[in-house]
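Text of start20.pdb (PDB, C-alpha atoms (C1' of nucleotides)) as supplied:
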ATOM      1  CA  MET A   4     -24.407  61.550  56.541
ATOM      2  CA  GLY A   5     -24.527  64.693  58.612
ATOM      3  CA  ILE A   6     -27.989  64.001  59.912
ATOM      4  CA  THR A   7     -28.734  63.173  63.514
ATOM      5  CA  LYS A   8     -30.426  59.814  64.095
ATOM      6  CA  THR A   9     -33.305  61.037  66.203
ATOM      7  CA  GLU A  10     -35.247  57.785  65.820
ATOM      8  CA  ILE A  11     -32.998  55.868  68.137
ATOM      9  CA  PHE A  12     -33.355  58.265  71.058
ATOM     10  CA  THR A  13     -36.166  58.982  73.474
ATOM     11  CA  GLN A  14     -38.508  61.923  73.115
ATOM     12  CA  GLU A  15     -37.027  63.508  76.212
ATOM     13  CA  GLN A  16     -33.495  63.204  74.917
ATOM     14  CA  ASN A  17     -34.489  64.737  71.615
ATOM     15  CA  ARG A  18     -36.571  67.472  73.202
ATOM     16  CA  LEU A  19     -33.804  68.487  75.571
ATOM     17  CA  SER A  20     -31.178  68.474  72.842
ATOM     18  CA  VAL A  21     -33.305  70.701  70.607
ATOM     19  CA  LEU A  22     -33.846  73.218  73.406
ATOM     20  CA  LEU A  23     -30.199  73.231  74.400
ATOM     21  CA  LYS A  24     -29.023  73.549  70.821
ATOM     22  CA  ALA A  25     -31.218  76.613  70.407
ATOM     23  CA  ILE A  26     -29.552  78.241  73.411
ATOM     24  CA  ALA A  27     -26.045  76.971  72.717
ATOM     25  CA  HIS A  28     -24.802  80.022  70.843
ATOM     26  CA  PRO A  29     -23.285  83.117  72.453
ATOM     27  CA  ALA A  30     -25.403  85.469  70.342
ATOM     28  CA  ARG A  31     -28.609  83.697  71.345
ATOM     29  CA  ILE A  32     -27.567  83.672  74.986
ATOM     30  CA  ALA A  33     -26.932  87.407  74.726
ATOM     31  CA  ILE A  34     -30.287  87.927  73.021
ATOM     32  CA  LEU A  35     -32.118  86.046  75.757
ATOM     33  CA  GLN A  36     -30.278  87.976  78.453
ATOM     34  CA  GLN A  37     -31.312  91.226  76.787
ATOM     35  CA  ILE A  38     -34.919  90.140  76.509
ATOM     36  CA  ILE A  39     -34.905  89.188  80.175
ATOM     37  CA  SER A  40     -33.081  92.238  81.502
ATOM     38  CA  ALA A  41     -35.297  94.684  79.616
ATOM     39  CA  ASN A  42     -38.143  93.171  81.545
ATOM     40  CA  ALA A  43     -40.575  94.604  79.102
ATOM     41  CA  CYS A  44     -39.746  93.032  75.768
ATOM     42  CA  ILE A  45     -37.386  94.870  73.551
ATOM     43  CA  CYS A  46     -37.471  94.501  69.823
ATOM     44  CA  GLY A  47     -34.782  95.279  67.294
ATOM     45  CA  ASP A  48     -32.672  97.266  69.726
ATOM     46  CA  LEU A  49     -30.794  93.982  69.800
ATOM     47  CA  VAL A  50     -29.077  94.908  66.567
ATOM     48  CA  GLU A  51     -27.514  97.911  68.272
ATOM     49  CA  GLU A  52     -26.776  96.114  71.532
ATOM     50  CA  LEU A  53     -24.968  93.200  69.938
ATOM     51  CA  GLY A  54     -22.521  93.774  67.126
ATOM     52  CA  LEU A  55     -24.259  91.682  64.534
ATOM     53  CA  ALA A  56     -26.090  92.551  61.320
ATOM     54  CA  GLN A  57     -29.851  92.873  61.356
ATOM     55  CA  ALA A  58     -30.277  89.821  59.156
ATOM     56  CA  THR A  59     -28.203  87.768  61.552
ATOM     57  CA  ILE A  60     -30.146  88.846  64.634
ATOM     58  CA  SER A  61     -33.403  88.145  62.857
ATOM     59  CA  GLN A  62     -32.225  84.655  62.027
ATOM     60  CA  HIS A  63     -31.213  83.932  65.614
ATOM     61  CA  LEU A  64     -34.593  85.182  66.801
ATOM     62  CA  LYS A  65     -36.244  82.852  64.334
ATOM     63  CA  GLU A  66     -34.369  79.872  65.706
ATOM     64  CA  LEU A  67     -35.278  80.746  69.277
ATOM     65  CA  LYS A  68     -38.882  81.128  68.177
ATOM     66  CA  GLN A  69     -38.885  77.805  66.337
ATOM     67  CA  ALA A  70     -37.592  76.069  69.447
ATOM     68  CA  GLY A  71     -40.469  77.656  71.330
ATOM     69  CA  ILE A  72     -38.195  79.546  73.701
ATOM     70  CA  ILE A  73     -39.388  82.999  72.766
ATOM     71  CA  GLN A  74     -42.539  84.448  71.330
ATOM     72  CA  GLY A  75     -42.933  87.432  69.013
ATOM     73  CA  THR A  76     -45.873  89.793  68.906
ATOM     74  CA  ILE A  77     -46.271  92.356  66.165
ATOM     75  CA  ASP A  78     -46.635  95.825  67.638
ATOM     76  CA  GLY A  79     -47.117  98.258  64.814
ATOM     77  CA  VAL A  80     -43.936  98.439  62.830
ATOM     78  CA  LYS A  81     -41.927  96.718  65.525
ATOM     79  CA  VAL A  82     -41.997  93.198  66.901
ATOM     80  CA  CYS A  83     -41.990  92.549  70.602
ATOM     81  CA  TYR A  84     -40.150  89.426  71.727
ATOM     82  CA  CYS A  85     -40.436  87.790  75.083
ATOM     83  CA  ILE A  86     -39.719  84.528  76.862
ATOM     84  CA  GLU A  87     -42.230  81.706  76.487
ATOM     85  CA  PRO A  88     -42.800  80.737  80.123
ATOM     86  CA  GLU A  89     -44.055  77.210  79.354
ATOM     87  CA  THR A  90     -40.949  76.266  77.440
ATOM     88  CA  TRP A  91     -38.707  77.967  79.977
ATOM     89  CA  ARG A  92     -40.247  75.868  82.720
ATOM     90  CA  LEU A  93     -39.953  72.709  80.627
ATOM     91  CA  LEU A  94     -36.301  73.402  79.961
ATOM     92  CA  GLN A  95     -35.662  74.028  83.639
ATOM     93  CA  LYS A  96     -37.292  70.729  84.491
ATOM     94  CA  LEU A  97     -35.652  68.625  81.778
ATOM     95  CA  PHE A  98     -32.211  70.070  82.355
ATOM     96  CA  GLY A  99     -32.610  70.060  86.115
ATOM     97  CA  ASP A 100     -33.553  66.391  86.109
ATOM     98  CA  PHE A 101     -30.666  65.617  83.790
ATOM     99  CA  MET A 102     -28.039  67.511  85.749
ATOM    100  CA  GLY A 103     -29.460  66.379  89.075
ATOM    101  CA  SER A 104     -29.138  62.723  88.180
ATOM    102  CA  TYR A 105     -25.436  63.063  88.843
ATOM    103  CA  VAL A 106     -25.015  63.466  92.558
ATOM    104  CA  ASP A 107     -21.653  61.936  93.395
ATOM    105  CA  MET A 108     -19.246  64.805  93.025
ATOM    106  CA  ARG A 109     -16.047  62.850  92.759
ATOM    107  CA  HIS A 110     -14.050  61.033  90.138
ATOM    108  CA  CYS A 111     -14.760  57.358  89.823
ATOM    109  CA  CYS A 112     -11.475  56.663  88.028
TER     110      CYS A 112
ATOM    111  CA  MET B  21     -18.921  82.963  56.866
ATOM    112  CA  GLY B  22     -19.930  80.045  59.093
ATOM    113  CA  ILE B  23     -17.738  81.081  61.991
ATOM    114  CA  THR B  24     -19.124  82.350  65.277
ATOM    115  CA  LYS B  25     -17.945  85.815  66.321
ATOM    116  CA  THR B  26     -16.773  84.921  69.793
ATOM    117  CA  GLU B  27     -14.836  88.187  70.203
ATOM    118  CA  ILE B  28     -17.935  90.261  70.662
ATOM    119  CA  PHE B  29     -19.355  88.194  73.525
ATOM    120  CA  THR B  30     -18.382  87.846  77.156
ATOM    121  CA  GLN B  31     -16.324  84.967  78.483
ATOM    122  CA  GLU B  32     -19.323  83.672  80.381
ATOM    123  CA  GLN B  33     -21.530  83.716  77.325
ATOM    124  CA  ASN B  34     -18.906  81.860  75.322
ATOM    125  CA  ARG B  35     -18.151  79.386  78.085
ATOM    126  CA  LEU B  36     -21.790  78.538  78.619
ATOM    127  CA  SER B  37     -22.455  78.166  74.913
ATOM    128  CA  VAL B  38     -19.518  75.777  74.498
ATOM    129  CA  LEU B  39     -20.704  73.601  77.376
ATOM    130  CA  LEU B  40     -24.296  73.591  76.173
ATOM    131  CA  LYS B  41     -23.290  72.835  72.609
ATOM    132  CA  ALA B  42     -21.351  69.817  73.819
ATOM    133  CA  ILE B  43     -24.454  68.475  75.540
ATOM    134  CA  ALA B  44     -26.946  69.546  72.894
ATOM    135  CA  HIS B  45     -27.029  66.268  70.998
ATOM    136  CA  PRO B  46     -29.300  63.333  71.822
ATOM    137  CA  ALA B  47     -26.447  60.832  71.514
ATOM    138  CA  ARG B  48     -24.280  62.786  73.919
ATOM    139  CA  ILE B  49     -27.175  63.192  76.337
ATOM    140  CA  ALA B  50     -27.694  59.436  76.180
ATOM    141  CA  ILE B  51     -23.983  58.824  76.704
ATOM    142  CA  LEU B  52     -23.902  61.063  79.760
ATOM    143  CA  GLN B  53     -27.006  59.386  81.171
ATOM    144  CA  GLN B  54     -25.344  55.999  80.735
ATOM    145  CA  ILE B  55     -22.148  57.158  82.400
ATOM    146  CA  ILE B  56     -24.159  58.517  85.301
ATOM    147  CA  SER B  57     -26.528  55.596  85.733
ATOM    148  CA  ALA B  58     -23.748  53.011  85.672
ATOM    149  CA  ASN B  59     -22.382  54.846  88.659
ATOM    150  CA  ALA B  60     -19.085  53.250  88.135
ATOM    151  CA  CYS B  61     -17.906  54.407  84.746
ATOM    152  CA  ILE B  62     -18.698  52.226  81.821
ATOM    153  CA  CYS B  63     -16.540  52.147  78.749
ATOM    154  CA  GLY B  64     -17.386  51.050  75.257
ATOM    155  CA  ASP B  65     -20.555  49.277  76.271
ATOM    156  CA  LEU B  66     -22.026  52.492  74.953
ATOM    157  CA  VAL B  67     -21.689  51.161  71.443
ATOM    158  CA  GLU B  68     -24.064  48.331  72.297
ATOM    159  CA  GLU B  69     -26.401  50.450  74.394
ATOM    160  CA  LEU B  70     -26.892  53.113  71.753
ATOM    161  CA  GLY B  71     -27.386  52.160  68.128
ATOM    162  CA  LEU B  72     -24.428  54.014  66.734
ATOM    163  CA  ALA B  73     -21.169  52.868  65.188
ATOM    164  CA  GLN B  74     -18.061  52.638  67.328
ATOM    165  CA  ALA B  75     -16.365  55.458  65.440
ATOM    166  CA  THR B  76     -19.349  57.691  66.038
ATOM    167  CA  ILE B  77     -19.468  57.008  69.782
ATOM    168  CA  SER B  78     -15.747  57.585  70.053
ATOM    169  CA  GLN B  79     -16.135  60.927  68.317
ATOM    170  CA  HIS B  80     -18.938  62.015  70.644
ATOM    171  CA  LEU B  81     -16.838  61.008  73.648
ATOM    172  CA  LYS B  82     -14.000  63.097  72.289
ATOM    173  CA  GLU B  83     -16.216  66.153  72.051
ATOM    174  CA  LEU B  84     -17.485  65.703  75.593
ATOM    175  CA  LYS B  85     -13.896  65.310  76.737
ATOM    176  CA  GLN B  86     -12.738  68.408  74.854
ATOM    177  CA  ALA B  87     -15.482  70.441  76.512
ATOM    178  CA  GLY B  88     -14.197  69.152  79.833
ATOM    179  CA  ILE B  89     -17.473  67.469  80.726
ATOM    180  CA  ILE B  90     -16.091  63.958  80.997
ATOM    181  CA  GLN B  91     -12.733  62.452  81.739
ATOM    182  CA  GLY B  92     -11.248  59.240  80.367
ATOM    183  CA  THR B  93      -8.830  56.974  82.184
ATOM    184  CA  ILE B  94      -7.091  54.116  80.439
ATOM    185  CA  ASP B  95      -7.792  50.854  82.236
ATOM    186  CA  GLY B  96      -5.982  48.095  80.436
ATOM    187  CA  VAL B  97      -7.503  47.618  77.034
ATOM    188  CA  LYS B  98     -10.552  49.618  77.952
ATOM    189  CA  VAL B  99     -11.081  53.262  78.758
ATOM    190  CA  CYS B 100     -13.098  54.333  81.733
ATOM    191  CA  TYR B 101     -15.145  57.479  81.275
ATOM    192  CA  CYS B 102     -16.699  59.518  84.035
ATOM    193  CA  ILE B 103     -18.138  62.929  84.746
ATOM    194  CA  GLU B 104     -15.739  65.760  85.513
ATOM    195  CA  PRO B 105     -17.246  67.161  88.722
ATOM    196  CA  GLU B 106     -15.659  70.623  88.397
ATOM    197  CA  THR B 107     -17.140  71.238  84.988
ATOM    198  CA  TRP B 108     -20.457  69.759  86.025
ATOM    199  CA  ARG B 109     -20.657  72.223  88.904
ATOM    200  CA  LEU B 110     -19.616  75.112  86.664
ATOM    201  CA  LEU B 111     -22.298  74.227  84.176
ATOM    202  CA  GLN B 112     -24.905  73.989  86.910
ATOM    203  CA  LYS B 113     -23.905  77.414  88.156
ATOM    204  CA  LEU B 114     -23.689  79.158  84.767
ATOM    205  CA  PHE B 115     -26.921  77.657  83.512
ATOM    206  CA  GLY B 116     -28.676  78.116  86.830
ATOM    207  CA  ASP B 117     -27.772  81.794  86.938
ATOM    208  CA  PHE B 118     -28.849  82.206  83.342
ATOM    209  CA  MET B 119     -32.181  80.445  83.707
ATOM    210  CA  GLY B 120     -32.819  81.986  87.100
ATOM    211  CA  SER B 121     -32.478  85.507  85.778
ATOM    212  CA  TYR B 122     -35.942  85.108  84.316
ATOM    213  CA  VAL B 123     -38.396  85.129  87.173
ATOM    214  CA  ASP B 124     -41.592  86.604  85.808
ATOM    215  CA  MET B 125     -43.506  83.615  84.522
ATOM    216  CA  ARG B 126     -45.959  85.437  82.285
ATOM    217  CA  HIS B 127     -46.085  86.875  78.806
ATOM    218  CA  CYS B 128     -45.230  90.541  78.554
ATOM    219  CA  CYS B 129     -46.887  90.910  75.152
TER     220      CYS B 129
ATOM    221  C1'  DT C  24       5.564  36.680  68.935
ATOM    222  C1'  DC C  25       0.793  36.471  67.425
ATOM    223  C1'  DA C  26      -3.830  37.032  67.680
ATOM    224  C1'  DA C  27      -7.665  39.189  69.790
ATOM    225  C1'  DT C  28      -9.908  43.046  71.921
ATOM    226  C1'  DA C  29     -10.841  47.908  72.747
ATOM    227  C1'  DT C  30     -10.465  52.391  71.390
ATOM    228  C1'  DA C  31      -8.760  56.258  68.479
ATOM    229  C1'  DT C  32      -8.084  58.453  64.214
ATOM    230  C1'  DC C  33      -8.471  59.308  59.171
ATOM    231  C1'  DG C  34     -11.003  60.302  55.224
ATOM    232  C1'  DT C  35     -15.156  61.276  53.193
ATOM    233  C1'  DA C  36     -20.046  62.258  52.104
ATOM    234  C1'  DA C  37     -24.199  64.472  53.515
ATOM    235  C1'  DT C  38     -26.104  68.040  55.831
ATOM    236  C1'  DA C  39     -26.370  72.009  59.145
ATOM    237  C1'  DT C  40     -24.846  76.407  60.950
ATOM    238  C1'  DT C  41     -23.209  81.136  60.824
ATOM    239  C1'  DG C  42     -23.063  85.611  58.967
ATOM    240  C1'  DC C  43     -24.339  89.068  55.859
ATOM    241  C1'  DG C  44     -25.711  91.921  51.715
ATOM    242  C1'  DA C  45     -29.569  92.518  49.019
ATOM    243  C1'  DT C  46     -34.192  92.551  48.700
ATOM    244  C1'  DG C  47     -39.118  91.933  50.031
ATOM    245  C1'  DC C  48     -42.968  92.988  52.902
ATOM    246  C1'  DT C  49     -45.992  95.539  55.981
ATOM    247  C1'  DA C  50     -47.608  99.233  59.040
ATOM    248  C1'  DA C  51     -47.535 104.117  60.052
ATOM    249  C1'  DC C  52     -47.174 108.719  58.633
ATOM    250  C1'  DT C  53     -47.539 112.607  55.236
TER     251       DT C  53
ATOM    252  C1'  DA D   5     -50.253 107.187  46.737
ATOM    253  C1'  DG D   6     -45.562 107.762  48.175
ATOM    254  C1'  DT D   7     -42.181 107.394  51.685
ATOM    255  C1'  DT D   8     -40.065 105.655  55.603
ATOM    256  C1'  DA D   9     -39.022 102.467  59.445
ATOM    257  C1'  DG D  10     -38.671  97.817  61.159
ATOM    258  C1'  DC D  11     -38.316  93.246  60.375
ATOM    259  C1'  DA D  12     -38.256  88.905  57.540
ATOM    260  C1'  DT D  13     -36.497  86.258  53.896
ATOM    261  C1'  DC D  14     -33.413  84.890  50.034
ATOM    262  C1'  DG D  15     -29.156  83.541  48.354
ATOM    263  C1'  DC D  16     -24.621  82.800  48.967
ATOM    264  C1'  DA D  17     -19.899  81.631  50.898
ATOM    265  C1'  DA D  18     -17.326  79.800  54.647
ATOM    266  C1'  DT D  19     -17.200  76.602  58.021
ATOM    267  C1'  DA D  20     -18.946  73.042  61.338
ATOM    268  C1'  DT D  21     -21.366  68.811  62.484
ATOM    269  C1'  DT D  22     -22.805  64.059  62.001
ATOM    270  C1'  DA D  23     -22.090  59.438  60.794
ATOM    271  C1'  DC D  24     -19.425  55.656  59.393
ATOM    272  C1'  DG D  25     -16.125  52.397  57.004
ATOM    273  C1'  DA D  26     -11.468  51.594  57.025
ATOM    274  C1'  DT D  27      -7.462  51.623  59.320
ATOM    275  C1'  DA D  28      -4.148  52.563  63.033
ATOM    276  C1'  DT D  29      -2.699  51.964  67.795
ATOM    277  C1'  DA D  30      -2.189  49.821  72.173
ATOM    278  C1'  DT D  31      -2.857  46.313  75.688
ATOM    279  C1'  DT D  32      -3.827  41.713  77.129
ATOM    280  C1'  DG D  33      -3.504  36.813  76.961
ATOM    281  C1'  DA D  34      -2.111  32.434  74.468
TER     282       DA D  34
END
What would you get if you wrote out this structure as structure tokens?
Amino acid sequence: MGITKTEIFTQEQNRLSVLLKAIAHPARIAILQQIISANACICGDLVEELGLAQATISQHLKELKQAGIIQGTIDGVKVCYCIEPETWRLLQKLFGDFMGSYVDMRHCC
Amino acid sequence: MGITKTEIFTQEQNRLSVLLKAIAHPARIAILQQIISANACICGDLVEELGLAQATISQHLKELKQAGIIQGTIDGVKVCYCIEPETWRLLQKLFGDFMGSYVDMRHCC
DNA sequence: TCAATATATCGTAATATTGCGATGCTAACT
DNA sequence: AGTTAGCATCGCAATATTACGATATATTGA
């Protein structure tokens, strides 16, 4: 096996899990924080900021892009990455609804 | 390789990624939704609700438990699972801060 | 004690992820 | 055209995840 059975889950469950999985890595969290804090979009400065090889950063960026969380625009020799607002909003909504569905903040057993 | 370099990231980045990774699977999202909606904690009814084998469900529950997201209490032959409020709050805070740090809802490139 | 029920764990196969060196590709500059 | 800078992709090794059958463990009730 080793393959997730997506067929048996709802679209929302699958969508949320894909978005969360894309973010659920410290390097990708750090990358997103960098992109956000450098409110203009930075490019491959990420390689210097984080302590990972260029190939590794590029791969993480690819995964974030594939999940639709960031967007890359070619700017001469460099590539400018920034947050995809639509997806960001969707993630906020999906995760907010999910987390918010638990309201009783006490053990039940 | 295949091993994440946790040393080079902050505690917060690592903590958030561990929590998100635990949730970032449709089966585990479904499990959590079931636990929440059956506001008393259900047990192994999950096996019937979802279309996965008992061993698989048990493994997913273990991962959620290891991440501290749920808690299991033995109740006779059954085990009663419920949300761990502390962790739930922590996750809401960490993720909320992270998502909230992006405020400008427009492309920058 | 014995059987039944509920859950956990083991072992294993298939697949996915992580990280990186090496290499390829493209745009800008000379 | 040749060179350089910036990024993407390939290929690989190490490790992690997913799923499940088989089996172990523990509690309840006959």
Any chance you could resolve the PyMOL selection byres ((chain D and resi 8-20) around 8) against this file and give the residues as an NGL selection string? (:A and (47 or 61 or 80-82)) or (:B and (21-23)) or (:C and (39-40 or 46-48)) or (:D and (7 or 21))
Fit chain A to chain B, using all C-alpha atoms paired in sequence order for the least-squares superposition, and then show me the result as a PDB file with C-alpha atoms, in the frame of the given file.
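To be explicit, this is the file written out as part16.pdb:
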ATOM      1  CA  MET A   4     -18.790  83.025  56.953  1.00  0.00           C
ATOM      2  CA  GLY A   5     -19.953  80.136  59.070  1.00  0.00           C
ATOM      3  CA  ILE A   6     -17.774  81.076  61.989  1.00  0.00           C
ATOM      4  CA  THR A   7     -19.126  82.321  65.281  1.00  0.00           C
ATOM      5  CA  LYS A   8     -17.923  85.775  66.333  1.00  0.00           C
ATOM      6  CA  THR A   9     -16.746  84.884  69.804  1.00  0.00           C
ATOM      7  CA  GLU A  10     -14.804  88.133  70.212  1.00  0.00           C
ATOM      8  CA  ILE A  11     -17.891  90.223  70.662  1.00  0.00           C
ATOM      9  CA  PHE A  12     -19.302  88.176  73.530  1.00  0.00           C
ATOM     10  CA  THR A  13     -18.335  87.820  77.161  1.00  0.00           C
ATOM     11  CA  GLN A  14     -16.294  84.932  78.489  1.00  0.00           C
ATOM     12  CA  GLU A  15     -19.301  83.654  80.392  1.00  0.00           C
ATOM     13  CA  GLN A  16     -21.506  83.702  77.328  1.00  0.00           C
ATOM     14  CA  ASN A  17     -18.900  81.845  75.327  1.00  0.00           C
ATOM     15  CA  ARG A  18     -18.150  79.369  78.091  1.00  0.00           C
ATOM     16  CA  LEU A  19     -21.801  78.536  78.617  1.00  0.00           C
ATOM     17  CA  SER A  20     -22.466  78.164  74.907  1.00  0.00           C
ATOM     18  CA  VAL A  21     -19.537  75.771  74.491  1.00  0.00           C
ATOM     19  CA  LEU A  22     -20.732  73.598  77.374  1.00  0.00           C
ATOM     20  CA  LEU A  23     -24.314  73.581  76.168  1.00  0.00           C
ATOM     21  CA  LYS A  24     -23.315  72.832  72.599  1.00  0.00           C
ATOM     22  CA  ALA A  25     -21.370  69.811  73.813  1.00  0.00           C
ATOM     23  CA  ILE A  26     -24.481  68.474  75.541  1.00  0.00           C
ATOM     24  CA  ALA A  27     -26.964  69.549  72.882  1.00  0.00           C
ATOM     25  CA  HIS A  28     -27.064  66.272  70.980  1.00  0.00           C
ATOM     26  CA  PRO A  29     -29.329  63.328  71.803  1.00  0.00           C
ATOM     27  CA  ALA A  30     -26.481  60.824  71.497  1.00  0.00           C
ATOM     28  CA  ARG A  31     -24.312  62.796  73.912  1.00  0.00           C
ATOM     29  CA  ILE A  32     -27.199  63.191  76.331  1.00  0.00           C
ATOM     30  CA  ALA A  33     -27.715  59.432  76.172  1.00  0.00           C
ATOM     31  CA  ILE A  34     -23.999  58.832  76.688  1.00  0.00           C
ATOM     32  CA  LEU A  35     -23.931  61.061  79.755  1.00  0.00           C
ATOM     33  CA  GLN A  36     -27.026  59.385  81.165  1.00  0.00           C
ATOM     34  CA  GLN A  37     -25.357  56.004  80.723  1.00  0.00           C
ATOM     35  CA  ILE A  38     -22.167  57.166  82.379  1.00  0.00           C
ATOM     36  CA  ILE A  39     -24.181  58.517  85.288  1.00  0.00           C
ATOM     37  CA  SER A  40     -26.542  55.577  85.702  1.00  0.00           C
ATOM     38  CA  ALA A  41     -23.741  53.008  85.647  1.00  0.00           C
ATOM     39  CA  ASN A  42     -22.394  54.814  88.653  1.00  0.00           C
ATOM     40  CA  ALA A  43     -19.068  53.196  88.148  1.00  0.00           C
ATOM     41  CA  CYS A  44     -17.849  54.362  84.767  1.00  0.00           C
ATOM     42  CA  ILE A  45     -18.643  52.217  81.830  1.00  0.00           C
ATOM     43  CA  CYS A  46     -16.489  52.174  78.764  1.00  0.00           C
ATOM     44  CA  GLY A  47     -17.346  51.036  75.271  1.00  0.00           C
ATOM     45  CA  ASP A  48     -20.521  49.266  76.320  1.00  0.00           C
ATOM     46  CA  LEU A  49     -22.005  52.477  74.978  1.00  0.00           C
ATOM     47  CA  VAL A  50     -21.669  51.145  71.461  1.00  0.00           C
ATOM     48  CA  GLU A  51     -24.021  48.302  72.326  1.00  0.00           C
ATOM     49  CA  GLU A  52     -26.381  50.425  74.406  1.00  0.00           C
ATOM     50  CA  LEU A  53     -26.894  53.086  71.769  1.00  0.00           C
ATOM     51  CA  GLY A  54     -27.385  52.128  68.154  1.00  0.00           C
ATOM     52  CA  LEU A  55     -24.427  53.973  66.755  1.00  0.00           C
ATOM     53  CA  ALA A  56     -21.152  52.812  65.219  1.00  0.00           C
ATOM     54  CA  GLN A  57     -18.059  52.614  67.373  1.00  0.00           C
ATOM     55  CA  ALA A  58     -16.374  55.416  65.463  1.00  0.00           C
ATOM     56  CA  THR A  59     -19.355  57.655  66.061  1.00  0.00           C
ATOM     57  CA  ILE A  60     -19.491  56.987  69.798  1.00  0.00           C
ATOM     58  CA  SER A  61     -15.773  57.588  70.067  1.00  0.00           C
ATOM     59  CA  GLN A  62     -16.166  60.926  68.346  1.00  0.00           C
ATOM     60  CA  HIS A  63     -18.973  62.010  70.661  1.00  0.00           C
ATOM     61  CA  LEU A  64     -16.869  61.006  73.655  1.00  0.00           C
ATOM     62  CA  LYS A  65     -14.044  63.099  72.284  1.00  0.00           C
ATOM     63  CA  GLU A  66     -16.258  66.152  72.047  1.00  0.00           C
ATOM     64  CA  LEU A  67     -17.517  65.708  75.590  1.00  0.00           C
ATOM     65  CA  LYS A  68     -13.926  65.320  76.728  1.00  0.00           C
ATOM     66  CA  GLN A  69     -12.783  68.417  74.850  1.00  0.00           C
ATOM     67  CA  ALA A  70     -15.522  70.445  76.505  1.00  0.00           C
ATOM     68  CA  GLY A  71     -14.235  69.168  79.829  1.00  0.00           C
ATOM     69  CA  ILE A  72     -17.508  67.481  80.726  1.00  0.00           C
ATOM     70  CA  ILE A  73     -16.121  63.985  80.996  1.00  0.00           C
ATOM     71  CA  GLN A  74     -12.757  62.486  81.722  1.00  0.00           C
ATOM     72  CA  GLY A  75     -11.249  59.277  80.358  1.00  0.00           C
ATOM     73  CA  THR A  76      -8.831  57.012  82.162  1.00  0.00           C
ATOM     74  CA  ILE A  77      -7.070  54.176  80.405  1.00  0.00           C
ATOM     75  CA  ASP A  78      -7.709  50.904  82.201  1.00  0.00           C
ATOM     76  CA  GLY A  79      -5.827  48.190  80.407  1.00  0.00           C
ATOM     77  CA  VAL A  80      -7.374  47.690  77.024  1.00  0.00           C
ATOM     78  CA  LYS A  81     -10.479  49.635  77.941  1.00  0.00           C
ATOM     79  CA  VAL A  82     -11.059  53.286  78.728  1.00  0.00           C
ATOM     80  CA  CYS A  83     -13.098  54.341  81.704  1.00  0.00           C
ATOM     81  CA  TYR A  84     -15.140  57.510  81.267  1.00  0.00           C
ATOM     82  CA  CYS A  85     -16.708  59.515  84.012  1.00  0.00           C
ATOM     83  CA  ILE A  86     -18.175  62.930  84.723  1.00  0.00           C
ATOM     84  CA  GLU A  87     -15.780  65.771  85.501  1.00  0.00           C
ATOM     85  CA  PRO A  88     -17.292  67.154  88.708  1.00  0.00           C
ATOM     86  CA  GLU A  89     -15.696  70.612  88.386  1.00  0.00           C
ATOM     87  CA  THR A  90     -17.180  71.240  84.979  1.00  0.00           C
ATOM     88  CA  TRP A  91     -20.512  69.761  86.010  1.00  0.00           C
ATOM     89  CA  ARG A  92     -20.682  72.198  88.897  1.00  0.00           C
ATOM     90  CA  LEU A  93     -19.651  75.095  86.663  1.00  0.00           C
ATOM     91  CA  LEU A  94     -22.340  74.218  84.160  1.00  0.00           C
ATOM     92  CA  GLN A  95     -24.936  73.983  86.905  1.00  0.00           C
ATOM     93  CA  LYS A  96     -23.937  77.406  88.152  1.00  0.00           C
ATOM     94  CA  LEU A  97     -23.718  79.144  84.775  1.00  0.00           C
ATOM     95  CA  PHE A  98     -26.949  77.665  83.496  1.00  0.00           C
ATOM     96  CA  GLY A  99     -28.705  78.103  86.816  1.00  0.00           C
ATOM     97  CA  ASP A 100     -27.788  81.777  86.933  1.00  0.00           C
ATOM     98  CA  PHE A 101     -28.870  82.198  83.333  1.00  0.00           C
ATOM     99  CA  MET A 102     -32.209  80.451  83.695  1.00  0.00           C
ATOM    100  CA  GLY A 103     -32.835  81.989  87.102  1.00  0.00           C
ATOM    101  CA  SER A 104     -32.475  85.511  85.785  1.00  0.00           C
ATOM    102  CA  TYR A 105     -35.931  85.131  84.312  1.00  0.00           C
ATOM    103  CA  VAL A 106     -38.359  85.129  87.184  1.00  0.00           C
ATOM    104  CA  ASP A 107     -41.562  86.635  85.838  1.00  0.00           C
ATOM    105  CA  MET A 108     -43.459  83.669  84.509  1.00  0.00           C
ATOM    106  CA  ARG A 109     -45.899  85.481  82.298  1.00  0.00           C
ATOM    107  CA  HIS A 110     -46.037  86.933  78.830  1.00  0.00           C
ATOM    108  CA  CYS A 111     -45.141  90.571  78.562  1.00  0.00           C
ATOM    109  CA  CYS A 112     -46.849  90.960  75.182  1.00  0.00           C
TER     110      CYS A 112
END
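Of the listed residues A:Gly54, A:Pro29, A:Gly79, A:Gly99, the one whose atoms come nearest to chain C is A:Gly79, with distances taken using only C-alpha atoms (C1' of nucleotides).
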If the box runs along x, y and z of the file and leaves 6 Å on each side of range 28-33 of chain A, what are its centre and edge lengths in Å, one decimal, as JSON?
{"center_x": -25.9, "center_y": 83.7, "center_z": 72.7, "size_x": 17.3, "size_y": 19.4, "size_z": 16.6}
So how many Å separate CA of Lys8 in chain A and CA of Ala47 in chain B, to one decimal? 8.5 Å
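With all atoms listed in the file taken into account, the protein and nucleic acid residues at most 10 Å from Gln37 in chain A (excluding it and anything under 4 positions from it in its own chain) are A:Arg31, A:Ile32, A:Ala33, A:Ala41, A:Asn42, A:Cys44, A:Ile45, A:Cys46, A:Asp48, A:Leu49, A:Glu52, A:Leu53, A:Cys85.
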Target residues per the PyMOL selection byres ((chain D and resi 28) around 10), formatted as an NGL selection string: (:C and (31-33)) or (:D and (26-27 or 29-30))
For the PyMOL selection byres ((chain B and resi 91) around 12), applied here, can you spell out every residue it catches as a VMD selection string? (chain A and resid 109 to 112) or (chain B and resid 52 55 61 to 63 81 to 90 92 to 94 99 to 108)
